[in-house]
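Q: Mind having a look at this structure? Questions to follow.
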Amino acid sequence: MTDMISVRAARARRLLALPRPGWLTVAAIVVLALIVLAGAFAPLLAPFEPTELNSMMRLKPADATHWMGTDSYGRDLFSRVLYGARISMIVGFSTALGSLAIGLPLGLIAGWFPLADGVLMRIMDGLMAIPGILLAIAVVALTKAGLVTVIIAIMLPEIPQVVRLVRARVISVRNEAYVEAARLLGTSSTRIIWRHLLPATFGPMIVQGTYIYAAAILTEAALSFLGVGIGTETPTWGNIMAEGRLYFALTPSLVFWPAVVLSFCILSINILGDALRDSLDPKMKARG
Amino acid sequence: MTLSLRSCLLATACVASMLALPGFTRADDLNVVLSAPLRSLDATTSTARITRTHGFMVYDTLLGLDGDMKVQPEMASYAVSDDNLVYTFTLRDGLTFHDGTPVTAADCIASLKRWADHDGAGGKMMGFVKSMDASSDKEFTITLSAPFGQLPDLLAKPSPIPAFILPKRLAETPKGEQITDMTGSGPFMFVADEFQPGVRAVYEKFDGYVPRDEPASGNAGGKVVHFDRVIWEVMPDIQTAINALRAGDVDYLESLPTDLVPLVEMSDTIDYGVIKPVGSQVTGQFNHLLPPFDDVDVRRAAMYALDQEQILMTAIGNPKYFTLCASIYGCSVPLASEAGSEYLNGSADERMAKAKEILAASDYDGTPVLMLQPTDIAVLQAPPIVAAERLREAGFNVEVASMDWATLSSRRTSMEPVADGGWNMFFTFWGVEGIWNPLSSVLIDGTGDPSAWSGWRKSDEVEALRAAYVAAPTFEEQKAAATQIQQLVYDQAFYFNGGEFMSLSAWSADLDGIVPGMVNQFWGIHR
Amino acid sequence: MIHYFVKRLLMAIPVMFFVAVFVFLLLRLTPGDPAIIIAGDQATQAQLETIRENLGLDEPLLGQFVTWMGNLMRGDFGVSLISQKPVLTLIGQRIGPTLSLALAAMSLTLFFALPLGVMAAWRHGKLLDRAVMIFSVLGFSVPVFVTGYVLISVFAVNLQLLPVQGYRPLSEGLVPFLQRIFLPALALASIYIALVSRMTRASMLEILQEDYVRTARAKGLNESVVLFRHALRNAAIPILTIVGTGFAMLISGVVVTESVFNIPGLGRLVVDAVLARDYPLIQAIILLTAGIYVLINLLIDLSYALTDPRVRYQ
């Protein structure tokens, strides 16, 4: 009994503890925290409503009132970038969570039940073969270009990656002695999956999740660029840049600011993802 | 193995580069960037402006509209009988199709039939036509059952589907089927082999074309071509197009956003200005079938709430290039009048107060208004957003749905409730050439018929006045009917007239002789 | 070996069938109407109806699907609804620029990413490693169109070193071709470099732990010989894998890059086709890209099988 507890504790430590995070990781966490806070408290921080129009104040340079200037609708760019953080975070988080939540059970099934494996993996191969952006463009056109549609469109091509990852992990764990033993002892499939397989997938999944998170924010921007993104009434970094690109040569700030914030955000997520992977992978740590 | 393959490739590339010709753009080519990609080639079925532009390259019309919007002979001259029932058309000499066959009266009759099958106003005209007969290869008559004074205007009009003349064998293509053989008798020949949809379309000068002697004006007069080839390039990114113009890669840019004028002003090798003599009108369309806009009071409240100046200021940016006016036919056309301007006068605040008052008195119960917003048409991105803000201020519950133009275009044809893919409001814009009289404008169709253009307005009074306009023999009577129609269109809040804007074009400073027209015209222009 | 190859090839059939069904349903359930693109904005309902009938769009879905599949079996991909040109002709016109762009981007990627990855692995945990990783992740973090605009405004507009836009096929000369393909390829490679250099670093780290590398080092072989001759060669397969799976990513970059630099490639064709609801064209392009993807991955799996006999028994 105490053994179990200590095993669990060790596992939890391995999952959560970031042994001596480097300054880079710390910086990444700080940047991300700032962005998340900015998004969460956007209504308090933003000097203007992000949708407040003023046809007389179009494309103004930065000044004391409009810290980053105004866009082509005369809206305050700073407020929009703040609110954009909120939407980009929602897009990134929902996409990551959603694709993990769907990919995980599918991956477990494929890895554990050889019968389902063939069919499921052929479907996943098919889904993976369709270039994500084309799939997303088509899906967004399916209904109106709202937040939910865009999230689904970005999520769909990510699912097969998760399924593959989970499946591979399950297959490798399945053949481990302790799982083999549990099976011989007559432990039910559900229990084995719940007890042994599921925990084994957590590490890679968290790492994969951070990459999906980053990719989702970038894909949202690309969709906006192509004219099939979230509508302008909901500011996202992607659609701010997409609208601003017409004025790039004259008012580069419309692209510059969201691009800078977005790049810092993606950079931080990736650094964090790498740090997590290194700390979760005992081999990496040993080598460290 | 790998190495040898690589060096092999490299060698091939070097040889290829040595064999290649050094020059790419010949000086006698005109490279232009138009604002939309040419998609459908069939100018006899499509109402798309770009396809119409293509049509004027390869086809010619019997009559043309000059710069003052007066009807002029083009391929043919005409005479009317005293009872106004028989029109006799005589084809001028030297007309040949690109395949070398002469243009005959039979070709013209077949073409007019196809045109009337697809053009709304043309169909209306056919209701008056008793027969069309060729009396010789060069002459044919149109016999009417009742006088129809608009006939020459319709044959000359450049929108939505001009009455292009094509060979009989092509004109007899079944209704609705696309014509792919681009043989016409216009000043340019379409080079089918070099056509890459979405990339470029190439036209060659048609040496067999005999221009009229008069100077070119509007889409009439002598269409003299000075370039061997005109190449339409598609550039999806306007920034890239301006860069290309500045670098001399292209000579002419159809559409220059007013906000980007400073970029062009920086360069002294580029001129810019307004080429298209008439502007375009922004309109906000209501769906008259669905609540809340099935109620005329609610529509009127919306009309008061919306603001021409705010919409155009946001969409266009520079007051020099837009005009605010009440006329539903365009601000500067013969039929323009001030009728109904009481809906637009007064300050924005006064009108907002009025809107709130009317809305409060109406039966509006907070039903959300679904406003469609296109994400890929620059001019139309802003109006729905600006309008939504004003409507909300007036007390409307508005939801903006963003979508690409193709989705919007198909959604606007849905008569279903919003939940089943319907809509309440969207914005679009119309070249004045498409709405300049009550016969051609599909916006004031008051039949309420499912086959009418989106919105399905219903007013028997308007329909009666449109019939009166068609029957009216003099311009004064026509104008009287048109003015009454305009007043009714406002009173019944058919749609919101968002005012008129002009389109800017930019071109290389060494170009001269550009002929202003309703579409871009590439005759007359020379270096 | 042949048995394995045939088995894998057979497995590709249901995958492609799934793609075909999926794409067909996705498109036909999508609102949007090619008739309206043909007829234009001023077309009335009556005009639209005529055109729809002519395109066969009013037929039941199942019938349309069976016709399409039947034609596919005979190698007939159909005709574009909008331009009435054969779909394969349209794709043929556009595939050259896209392939050139993809290959140029791939070459640039390998040129930068391999040395970067090897150096990072070599100096694992040191400042150089960190710097390389940040640099490569930064490339991944900036949206491609922003990179594109910056490259254009710096190198083409301000410095005037390269043309601002456009594409010239190789047949018109190596110099004009390279001049125009360089900036878009660089913009596109910026994301790819990040991916490949990371993978190179990771698999190099793994290989450097192996006994034979230690032996090689112990034998006193030159460090660069150890890194590039022994380690990199053995790290090649995972790198190859990422190059293959990154194909989809390359496509998404291509779509955006082609717009920014005005390259008449497949990416723009597909966006145009989607916006115009040109069903046969979209279906063909997606089937084609999916086919290439399946093929690339098949080849990669084969290369695994050739080097690692364990794979064959799975």
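Just remember, in the structure tokens the first chain shown is A, the second B, etc., residues are 1-based per chain, and ligands are 1-based in the order shown.
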Find the spatial neighbours of B:Ala301, counting only C-alpha atoms, within a cut-off of 7 Å - ignore same-chain residues fewer than 4 positions away - and output them as a ChimeraX atom specification.
A: /B:297,305,355-356,358-359
Q: For the selection you just gave me, I'd like the residues written to a file as a PDB file, in the first residue's frame, keeping C-alpha atoms.
A:
ATOM      1  CA  ASP B 297     -41.602  50.282 -39.542  1.00  0.00           C
ATOM      2  CA  ALA B 305     -30.116  54.545 -37.878  1.00  0.00           C
ATOM      3  CA  ALA B 355     -34.620  55.724 -35.381  1.00  0.00           C
ATOM      4  CA  LYS B 356     -34.993  54.995 -31.666  1.00  0.00           C
ATOM      5  CA  ILE B 358     -39.681  54.660 -34.640  1.00  0.00           C
ATOM      6  CA  LEU B 359     -38.261  51.412 -33.342  1.00  0.00           C
TER       7      LEU B 359
END
Q: Using only C-alpha atoms, tabulate the residues of chain A lying at most 9 Å from any atom of chain C, each with its closest atom pair and that distance in Å to one decimal, by chain and increasing residue number, as a tab-separated table.
A:
residue	atom	partner	partner_atom	distance
A:Leu24	CA	C:Arg130	CA	8.7
A:Val119	CA	C:Pro14	CA	8.9
A:Met121	CA	C:Val15	CA	9.0
A:Arg122	CA	C:Val15	CA	5.3
A:Ile123	CA	C:Val15	CA	6.3
A:Met124	CA	C:Val15	CA	8.4
A:Asp125	CA	C:Val15	CA	6.3
A:Gly126	CA	C:Val15	CA	4.8
A:Leu127	CA	C:Val19	CA	6.9
A:Met128	CA	C:Ala290	CA	8.2
A:Ala129	CA	C:Ala290	CA	4.5
A:Ile130	CA	C:Ala290	CA	5.2
A:Pro131	CA	C:Ala248	CA	4.8
A:Gly132	CA	C:Ala248	CA	6.7
A:Ile133	CA	C:Ser252	CA	5.3
A:Leu134	CA	C:Ser252	CA	7.6
A:Leu135	CA	C:Val23	CA	8.6
A:Ile137	CA	C:Val274	CA	7.6
A:Ala138	CA	C:Val274	CA	6.9
A:Val139	CA	C:Leu26	CA	7.4
A:Ala141	CA	C:Thr30	CA	6.4
A:Leu142	CA	C:Thr30	CA	4.5
A:Thr143	CA	C:Thr30	CA	7.3
A:Ala214	CA	C:Ser141	CA	8.2
A:Ala215	CA	C:Ser141	CA	8.9
A:Leu218	CA	C:Pro143	CA	6.3
A:Thr219	CA	C:Pro143	CA	8.7
A:Ala221	CA	C:Pro143	CA	7.3
A:Ala222	CA	C:Val256	CA	7.1
A:Phe225	CA	C:Val256	CA	7.8
A:Leu226	CA	C:Val256	CA	7.3
A:Met241	CA	C:Val146	CA	8.5
A:Arg245	CA	C:Val146	CA	8.6
A:Phe248	CA	C:Tyr149	CA	8.0
A:Ala249	CA	C:Ser153	CA	7.9
A:Val255	CA	C:Val146	CA	7.6
A:Phe256	CA	C:Val146	CA	8.4
A:Ala259	CA	C:Val142	CA	6.8
A:Val260	CA	C:Val142	CA	8.1
A:Leu262	CA	C:Val142	CA	7.5
A:Ser263	CA	C:Ser141	CA	4.8
A:Phe264	CA	C:Ser141	CA	7.6
A:Cys265	CA	C:Ser141	CA	8.1
A:Ile266	CA	C:Ser141	CA	5.3
A:Leu267	CA	C:Ser141	CA	5.9
A:Asn270	CA	C:Val137	CA	7.2
A:Ile271	CA	C:Ile134	CA	8.1
A:Met284	CA	C:Leu205	CA	8.9
A:Arg287	CA	C:Gln209	CA	8.8
A:Gly288	CA	C:Gly125	CA	7.0
Q: Counting only C-alpha atoms, collect the residues of chain A whose closest atom lies at most 12 Å from chain B, and write them out as a ChimeraX atom specification.
A: /A:51-59,71-75,137-147,149-150,223-234,239,242-251
Q: Since we have the selection now, will you write its residues out, keeping N, CA and C atoms, as a compact mmCIF listing (two decimals), in the first residue's frame?
A:
# COMPACT_ATOMS: atom_id res chain seq x y z
N THR A 51 -14.25 46.94 -30.05
CA THR A 51 -15.10 47.08 -31.25
C THR A 51 -15.54 48.53 -31.44
N GLU A 52 -15.03 49.43 -30.61
CA GLU A 52 -15.49 50.82 -30.69
C GLU A 52 -14.95 51.49 -31.94
N LEU A 53 -15.87 51.85 -32.84
CA LEU A 53 -15.46 52.42 -34.13
C LEU A 53 -15.34 53.93 -34.05
N ASN A 54 -14.52 54.47 -34.92
CA ASN A 54 -14.49 55.91 -35.08
C ASN A 54 -13.98 56.22 -36.48
N SER A 55 -14.90 56.56 -37.35
CA SER A 55 -14.51 56.71 -38.76
C SER A 55 -13.61 57.93 -38.97
N MET A 56 -13.51 58.81 -37.97
CA MET A 56 -12.64 59.98 -38.11
C MET A 56 -11.21 59.69 -37.62
N MET A 57 -11.04 58.58 -36.96
CA MET A 57 -9.74 58.27 -36.34
C MET A 57 -9.07 57.08 -36.99
N ARG A 58 -9.23 56.91 -38.30
CA ARG A 58 -8.70 55.73 -38.96
C ARG A 58 -7.18 55.81 -39.09
N LEU A 59 -6.52 54.66 -38.92
CA LEU A 59 -5.10 54.51 -39.23
C LEU A 59 -4.22 55.60 -38.63
N ASP A 71 -6.70 51.18 -36.06
CA ASP A 71 -6.79 50.39 -37.30
C ASP A 71 -7.68 51.08 -38.33
N SER A 72 -8.00 50.36 -39.39
CA SER A 72 -8.73 50.98 -40.50
C SER A 72 -10.18 51.29 -40.15
N TYR A 73 -10.66 50.80 -39.02
CA TYR A 73 -12.00 51.15 -38.58
C TYR A 73 -11.94 52.26 -37.51
N GLY A 74 -10.74 52.71 -37.21
CA GLY A 74 -10.57 53.69 -36.14
C GLY A 74 -10.65 53.06 -34.76
N ARG A 75 -10.43 51.75 -34.67
CA ARG A 75 -10.47 51.08 -33.38
C ARG A 75 -9.08 51.09 -32.74
N ILE A 137 -9.77 25.17 -44.28
CA ILE A 137 -10.47 26.12 -45.15
C ILE A 137 -11.86 25.57 -45.47
N ALA A 138 -11.90 24.31 -45.82
CA ALA A 138 -13.17 23.70 -46.20
C ALA A 138 -14.13 23.65 -45.01
N VAL A 139 -13.61 23.28 -43.82
CA VAL A 139 -14.48 23.18 -42.65
C VAL A 139 -15.03 24.54 -42.25
N VAL A 140 -14.18 25.57 -42.30
CA VAL A 140 -14.65 26.89 -41.91
C VAL A 140 -15.79 27.33 -42.82
N ALA A 141 -15.67 26.99 -44.08
CA ALA A 141 -16.73 27.36 -45.01
C ALA A 141 -18.02 26.58 -44.72
N LEU A 142 -17.88 25.49 -43.96
CA LEU A 142 -19.03 24.62 -43.69
C LEU A 142 -20.15 25.37 -43.00
N THR A 143 -19.80 26.15 -41.98
CA THR A 143 -20.81 26.99 -41.34
C THR A 143 -20.25 28.40 -41.34
N LYS A 144 -20.87 29.28 -40.58
CA LYS A 144 -20.32 30.63 -40.55
C LYS A 144 -18.98 30.60 -39.83
N ALA A 145 -18.11 31.56 -40.21
CA ALA A 145 -16.75 31.55 -39.70
C ALA A 145 -16.71 32.04 -38.27
N GLY A 146 -17.18 31.24 -37.33
CA GLY A 146 -17.18 31.63 -35.94
C GLY A 146 -16.02 31.00 -35.20
N LEU A 147 -15.91 31.36 -33.92
CA LEU A 147 -14.84 30.85 -33.09
C LEU A 147 -14.85 29.33 -33.04
N THR A 149 -16.24 27.10 -35.05
CA THR A 149 -15.89 26.47 -36.33
C THR A 149 -14.40 26.46 -36.54
N VAL A 150 -13.77 27.60 -36.27
CA VAL A 150 -12.33 27.70 -36.49
C VAL A 150 -11.59 26.72 -35.59
N LEU A 223 -5.50 31.26 -41.46
CA LEU A 223 -6.88 31.24 -41.94
C LEU A 223 -7.40 32.66 -42.12
N SER A 224 -7.12 33.52 -41.14
CA SER A 224 -7.54 34.91 -41.27
C SER A 224 -6.90 35.54 -42.50
N PHE A 225 -5.63 35.25 -42.71
CA PHE A 225 -4.92 35.79 -43.86
C PHE A 225 -5.62 35.39 -45.16
N LEU A 226 -6.10 34.16 -45.21
CA LEU A 226 -6.73 33.66 -46.43
C LEU A 226 -8.19 34.08 -46.53
N GLY A 227 -8.67 34.81 -45.53
CA GLY A 227 -10.04 35.32 -45.61
C GLY A 227 -11.09 34.34 -45.13
N VAL A 228 -10.70 33.31 -44.40
CA VAL A 228 -11.70 32.36 -43.89
C VAL A 228 -11.56 32.21 -42.37
N GLY A 229 -11.14 33.26 -41.71
CA GLY A 229 -10.94 33.17 -40.26
C GLY A 229 -12.13 33.68 -39.46
N ILE A 230 -11.86 33.98 -38.19
CA ILE A 230 -12.88 34.50 -37.30
C ILE A 230 -13.19 35.94 -37.69
N GLY A 231 -14.46 36.33 -37.63
CA GLY A 231 -14.87 37.66 -38.06
C GLY A 231 -14.24 38.77 -37.24
N THR A 232 -14.22 39.97 -37.82
CA THR A 232 -13.48 41.08 -37.24
C THR A 232 -14.08 41.60 -35.95
N GLU A 233 -15.35 41.27 -35.67
CA GLU A 233 -15.94 41.74 -34.42
C GLU A 233 -15.30 41.04 -33.22
N THR A 234 -14.71 39.89 -33.44
CA THR A 234 -13.97 39.19 -32.40
C THR A 234 -12.49 39.34 -32.73
N ASN A 239 -6.65 37.90 -37.15
CA ASN A 239 -7.42 38.79 -38.02
C ASN A 239 -6.97 40.25 -37.92
N ALA A 242 -4.28 40.20 -40.45
CA ALA A 242 -4.82 39.99 -41.79
C ALA A 242 -5.44 41.28 -42.31
N GLU A 243 -6.14 42.00 -41.43
CA GLU A 243 -6.72 43.27 -41.86
C GLU A 243 -5.66 44.33 -42.06
N GLY A 244 -4.63 44.27 -41.21
CA GLY A 244 -3.60 45.30 -41.26
C GLY A 244 -2.65 45.14 -42.43
N ARG A 245 -2.64 43.95 -43.04
CA ARG A 245 -1.61 43.71 -44.04
C ARG A 245 -1.77 44.59 -45.26
N LEU A 246 -3.00 45.06 -45.53
CA LEU A 246 -3.23 45.98 -46.64
C LEU A 246 -2.41 47.26 -46.43
N TYR A 247 -2.22 47.63 -45.16
CA TYR A 247 -1.57 48.90 -44.86
C TYR A 247 -0.11 48.70 -44.44
N PHE A 248 0.41 47.50 -44.72
CA PHE A 248 1.73 47.14 -44.20
C PHE A 248 2.81 48.16 -44.57
N ALA A 249 2.78 48.64 -45.79
CA ALA A 249 3.83 49.54 -46.24
C ALA A 249 3.70 50.93 -45.63
N LEU A 250 2.48 51.30 -45.21
CA LEU A 250 2.26 52.65 -44.68
C LEU A 250 2.16 52.67 -43.16
N THR A 251 1.43 51.70 -42.61
CA THR A 251 1.22 51.62 -41.16
C THR A 251 1.63 50.23 -40.69
Q: Dump as an NGL selection string the residues of chain C that approach chain B to within 7 Å, counting only C-alpha atoms.
A: :C and (31-33 or 36 or 38-47 or 50-51 or 54 or 82-83 or 164-165 or 171-174 or 259-262 or 264 or 269 or 275-276)
Q: For C:Ala120, work out the shell of residues within 7 Å, counting only C-alpha atoms and skipping chain neighbours fewer than 3 positions away, then give it as a PDB file with N, CA and C atoms, in the first residue's frame.
A:
ATOM      1  N   LEU C 116      22.869  23.352 -38.333  1.00  0.00           N
ATOM      2  CA  LEU C 116      22.384  23.924 -37.082  1.00  0.00           C
ATOM      3  C   LEU C 116      22.080  22.823 -36.069  1.00  0.00           C
ATOM      4  N   GLY C 117      21.367  21.816 -36.533  1.00  0.00           N
ATOM      5  CA  GLY C 117      20.989  20.732 -35.639  1.00  0.00           C
ATOM      6  C   GLY C 117      22.211  19.981 -35.114  1.00  0.00           C
ATOM      7  N   ARG C 123      27.104  20.795 -29.111  1.00  0.00           N
ATOM      8  CA  ARG C 123      27.267  21.669 -27.952  1.00  0.00           C
ATOM      9  C   ARG C 123      26.025  21.584 -27.072  1.00  0.00           C
ATOM     10  N   HIS C 124      25.554  20.363 -26.846  1.00  0.00           N
ATOM     11  CA  HIS C 124      24.304  20.172 -26.117  1.00  0.00           C
ATOM     12  C   HIS C 124      24.333  20.854 -24.755  1.00  0.00           C
ATOM     13  N   LEU C 128      25.583  27.759 -27.383  1.00  0.00           N
ATOM     14  CA  LEU C 128      25.358  27.591 -28.816  1.00  0.00           C
ATOM     15  C   LEU C 128      24.073  26.801 -29.068  1.00  0.00           C
ATOM     16  N   ASP C 129      23.897  25.752 -28.282  1.00  0.00           N
ATOM     17  CA  ASP C 129      22.693  24.926 -28.394  1.00  0.00           C
ATOM     18  C   ASP C 129      21.457  25.789 -28.178  1.00  0.00           C
ATOM     19  N   VAL C 132      20.914  28.291 -31.037  1.00  0.00           N
ATOM     20  CA  VAL C 132      20.407  27.650 -32.248  1.00  0.00           C
ATOM     21  C   VAL C 132      18.927  27.320 -32.086  1.00  0.00           C
ATOM     22  N   ARG C 201      18.775  17.675 -34.153  1.00  0.00           N
ATOM     23  CA  ARG C 201      19.398  17.769 -32.839  1.00  0.00           C
ATOM     24  C   ARG C 201      19.007  16.568 -31.979  1.00  0.00           C
TER      25      ARG C 201
END
Q: From a DSSP calculation on the backbone, collect every residue of stretch 189-312 of chain C in alpha helix (DSSP H) and output the set as an MDAnalysis selection string.
A: chainID C and resid 189:208 211:218 223:224 232:234 236:245 247:261 266:276 279:307
Q: Keeping C-alpha atoms for every residue in the selection just given, could you write it to a file as a CSV table (one decimal), in the first residue's frame?
A:
chain,number,residue,atom,x,y,z
C,189,ALA,CA,11.9,27.5,-45.2
C,190,SER,CA,11.8,29.6,-42.1
C,191,ILE,CA,9.1,27.3,-40.5
C,192,TYR,CA,10.6,24.2,-41.9
C,193,ILE,CA,14.2,24.9,-40.6
C,194,ALA,CA,12.8,25.0,-37.1
C,195,LEU,CA,11.3,21.6,-37.5
C,196,VAL,CA,14.1,19.9,-39.2
C,197,SER,CA,16.9,21.3,-37.0
C,198,ARG,CA,15.1,20.3,-33.9
C,199,MET,CA,14.7,16.8,-35.2
C,200,THR,CA,18.3,16.7,-36.3
C,201,ARG,CA,19.4,17.8,-32.8
C,202,ALA,CA,17.2,15.2,-31.1
C,203,SER,CA,18.3,12.2,-33.2
C,204,MET,CA,21.9,13.3,-33.1
C,205,LEU,CA,21.8,13.4,-29.3
C,206,GLU,CA,20.5,9.9,-29.3
C,207,ILE,CA,23.1,8.6,-31.8
C,208,LEU,CA,25.9,10.4,-30.0
C,211,ASP,CA,28.8,2.8,-28.4
C,212,TYR,CA,30.1,3.0,-31.9
C,213,VAL,CA,30.2,6.8,-31.8
C,214,ARG,CA,32.1,6.6,-28.5
C,215,THR,CA,34.4,4.1,-30.1
C,216,ALA,CA,35.0,6.4,-33.0
C,217,ARG,CA,35.7,9.3,-30.7
C,218,ALA,CA,38.0,7.1,-28.6
C,223,GLU,CA,35.3,15.4,-34.4
C,224,SER,CA,33.7,16.7,-37.6
C,232,LEU,CA,24.5,12.2,-39.0
C,233,ARG,CA,24.2,9.3,-41.4
C,234,ASN,CA,22.6,7.2,-38.7
C,236,ALA,CA,19.1,10.3,-41.2
C,237,ILE,CA,16.0,8.2,-40.9
C,238,PRO,CA,14.2,10.2,-38.2
C,239,ILE,CA,15.1,13.3,-40.1
C,240,LEU,CA,13.7,11.9,-43.3
C,241,THR,CA,10.6,11.0,-41.4
C,242,ILE,CA,10.0,14.6,-40.3
C,243,VAL,CA,10.7,15.8,-43.8
C,244,GLY,CA,7.9,13.5,-45.0
C,245,THR,CA,5.4,14.2,-42.3
C,247,PHE,CA,4.9,17.7,-46.2
C,248,ALA,CA,1.4,18.7,-45.0
C,249,MET,CA,2.9,21.6,-43.2
C,250,LEU,CA,4.8,22.6,-46.3
C,251,ILE,CA,1.5,22.7,-48.2
C,252,SER,CA,-0.1,25.1,-45.7
C,253,GLY,CA,3.0,27.3,-46.0
C,254,VAL,CA,2.8,27.1,-49.8
C,255,VAL,CA,-0.8,28.3,-49.8
C,256,VAL,CA,0.1,31.5,-48.0
C,257,THR,CA,3.5,32.1,-49.6
C,258,GLU,CA,2.1,31.9,-53.1
C,259,SER,CA,-0.4,34.6,-52.4
C,260,VAL,CA,2.2,37.0,-50.9
C,261,PHE,CA,4.7,36.5,-53.7
C,266,LEU,CA,-1.3,24.8,-56.6
C,267,GLY,CA,-1.8,26.6,-53.3
C,268,ARG,CA,-3.5,29.6,-54.9
C,269,LEU,CA,-5.4,27.3,-57.2
C,270,VAL,CA,-6.9,25.4,-54.3
C,271,VAL,CA,-7.9,28.5,-52.3
C,272,ASP,CA,-9.5,30.0,-55.4
C,273,ALA,CA,-11.3,26.7,-56.0
C,274,VAL,CA,-12.6,26.6,-52.5
C,275,LEU,CA,-13.8,30.2,-52.6
C,276,ALA,CA,-15.5,29.5,-55.9
C,279,TYR,CA,-16.0,20.9,-56.6
C,280,PRO,CA,-14.2,18.7,-59.1
C,281,LEU,CA,-11.1,20.8,-58.9
C,282,ILE,CA,-11.0,20.8,-55.0
C,283,GLN,CA,-11.6,17.1,-55.0
C,284,ALA,CA,-8.8,16.4,-57.4
C,285,ILE,CA,-6.3,18.6,-55.7
C,286,ILE,CA,-7.0,17.1,-52.3
C,287,LEU,CA,-6.9,13.5,-53.6
C,288,LEU,CA,-3.6,14.4,-55.3
C,289,THR,CA,-1.9,15.9,-52.3
C,290,ALA,CA,-3.2,13.1,-50.1
C,291,GLY,CA,-1.8,10.6,-52.6
C,292,ILE,CA,1.6,12.2,-52.6
C,293,TYR,CA,1.5,12.2,-48.8
C,294,VAL,CA,0.6,8.5,-48.6
C,295,LEU,CA,3.3,7.8,-51.2
C,296,ILE,CA,6.0,9.7,-49.3
C,297,ASN,CA,5.2,8.0,-46.1
C,298,LEU,CA,5.1,4.6,-47.8
C,299,LEU,CA,8.6,5.3,-49.1
C,300,ILE,CA,9.8,6.4,-45.6
C,301,ASP,CA,8.3,3.2,-44.0
C,302,LEU,CA,10.0,1.2,-46.7
C,303,SER,CA,13.3,2.8,-45.8
C,304,TYR,CA,12.7,1.9,-42.2
C,305,ALA,CA,11.9,-1.7,-43.2
C,306,LEU,CA,15.1,-1.9,-45.2
C,307,THR,CA,17.2,-0.8,-42.3
Q: Just want the 6 Å neighbourhood of B:Glu254, counted on only C-alpha atoms, with same-chain residues fewer than 3 positions away dropped. Output as a list of chain:residue names.
A: B:Leu34, B:Ser35, B:Ser505
Q: Go ahead and save the picked residues with N, CA, C and O atoms, as an mmCIF file, in the first residue's frame.
A:
data_model
loop_
_atom_site.group_PDB
_atom_site.id
_atom_site.type_symbol
_atom_site.label_atom_id
_atom_site.label_comp_id
_atom_site.auth_asym_id
_atom_site.auth_seq_id
_atom_site.Cartn_x
_atom_site.Cartn_y
_atom_site.Cartn_z
ATOM 1 N N LEU B 34 -6.269 43.252 -62.846
ATOM 2 C CA LEU B 34 -7.664 43.608 -62.594
ATOM 3 C C LEU B 34 -8.037 43.180 -61.178
ATOM 4 O O LEU B 34 -7.334 42.404 -60.542
ATOM 5 N N SER B 35 -9.159 43.703 -60.697
ATOM 6 C CA SER B 35 -9.436 43.528 -59.270
ATOM 7 C C SER B 35 -10.032 42.165 -58.921
ATOM 8 O O SER B 35 -10.143 41.826 -57.760
ATOM 9 N N SER B 505 -7.870 53.986 -60.064
ATOM 10 C CA SER B 505 -6.949 53.086 -60.757
ATOM 11 C C SER B 505 -5.573 53.728 -60.758
ATOM 12 O O SER B 505 -5.455 54.927 -60.555
#
Q: Contacts of B:Asp107 at 9 Å or less, counting only C-alpha atoms, minus same-chain residues fewer than 3 places along, as a list in words?
A: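 What passes the distance filter is Val103, Thr104, Ala110, Ser111, Leu112, Ile165, Leu166, Pro167, Lys168, Arg169 and Ala171 of chain B.
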Q: Restricting the calculation to only C-alpha atoms, which member of B:Ala163, B:Leu155, B:Met266, B:Leu335 is positioned closest to B:Gln478?
A: B:Leu335
Q: Please identify all polymer residues within 8 Å of C:Leu108, counting only C-alpha atoms, omitting same-chain residues fewer than 3 positions from it, and present them as a PyMOL selection string.
A: chain C and resi 104-105+111-112+185-186+189
Q: Enumerate as a ChimeraX atom specification all residues of stretch 228-417 of chain B assigned to strand (DSSP E or B) by DSSP on the backbone, naming them with the chain letters and numbers the document uses.
A: /B:229-233,252-253,270-274,280-286,322-323,369-374,398-403
Q: At a cut-off of 9 Å, using only C-alpha atoms, what residues contact B:Asp29? Leave out same-chain residues fewer than 5 positions from it and give the result as a list of chain:residue names.
A: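 Skipping anything fewer than 5 positions along the chain leaves B:Phe227, B:Asp228, B:Arg229, B:Val230, B:Ile231.
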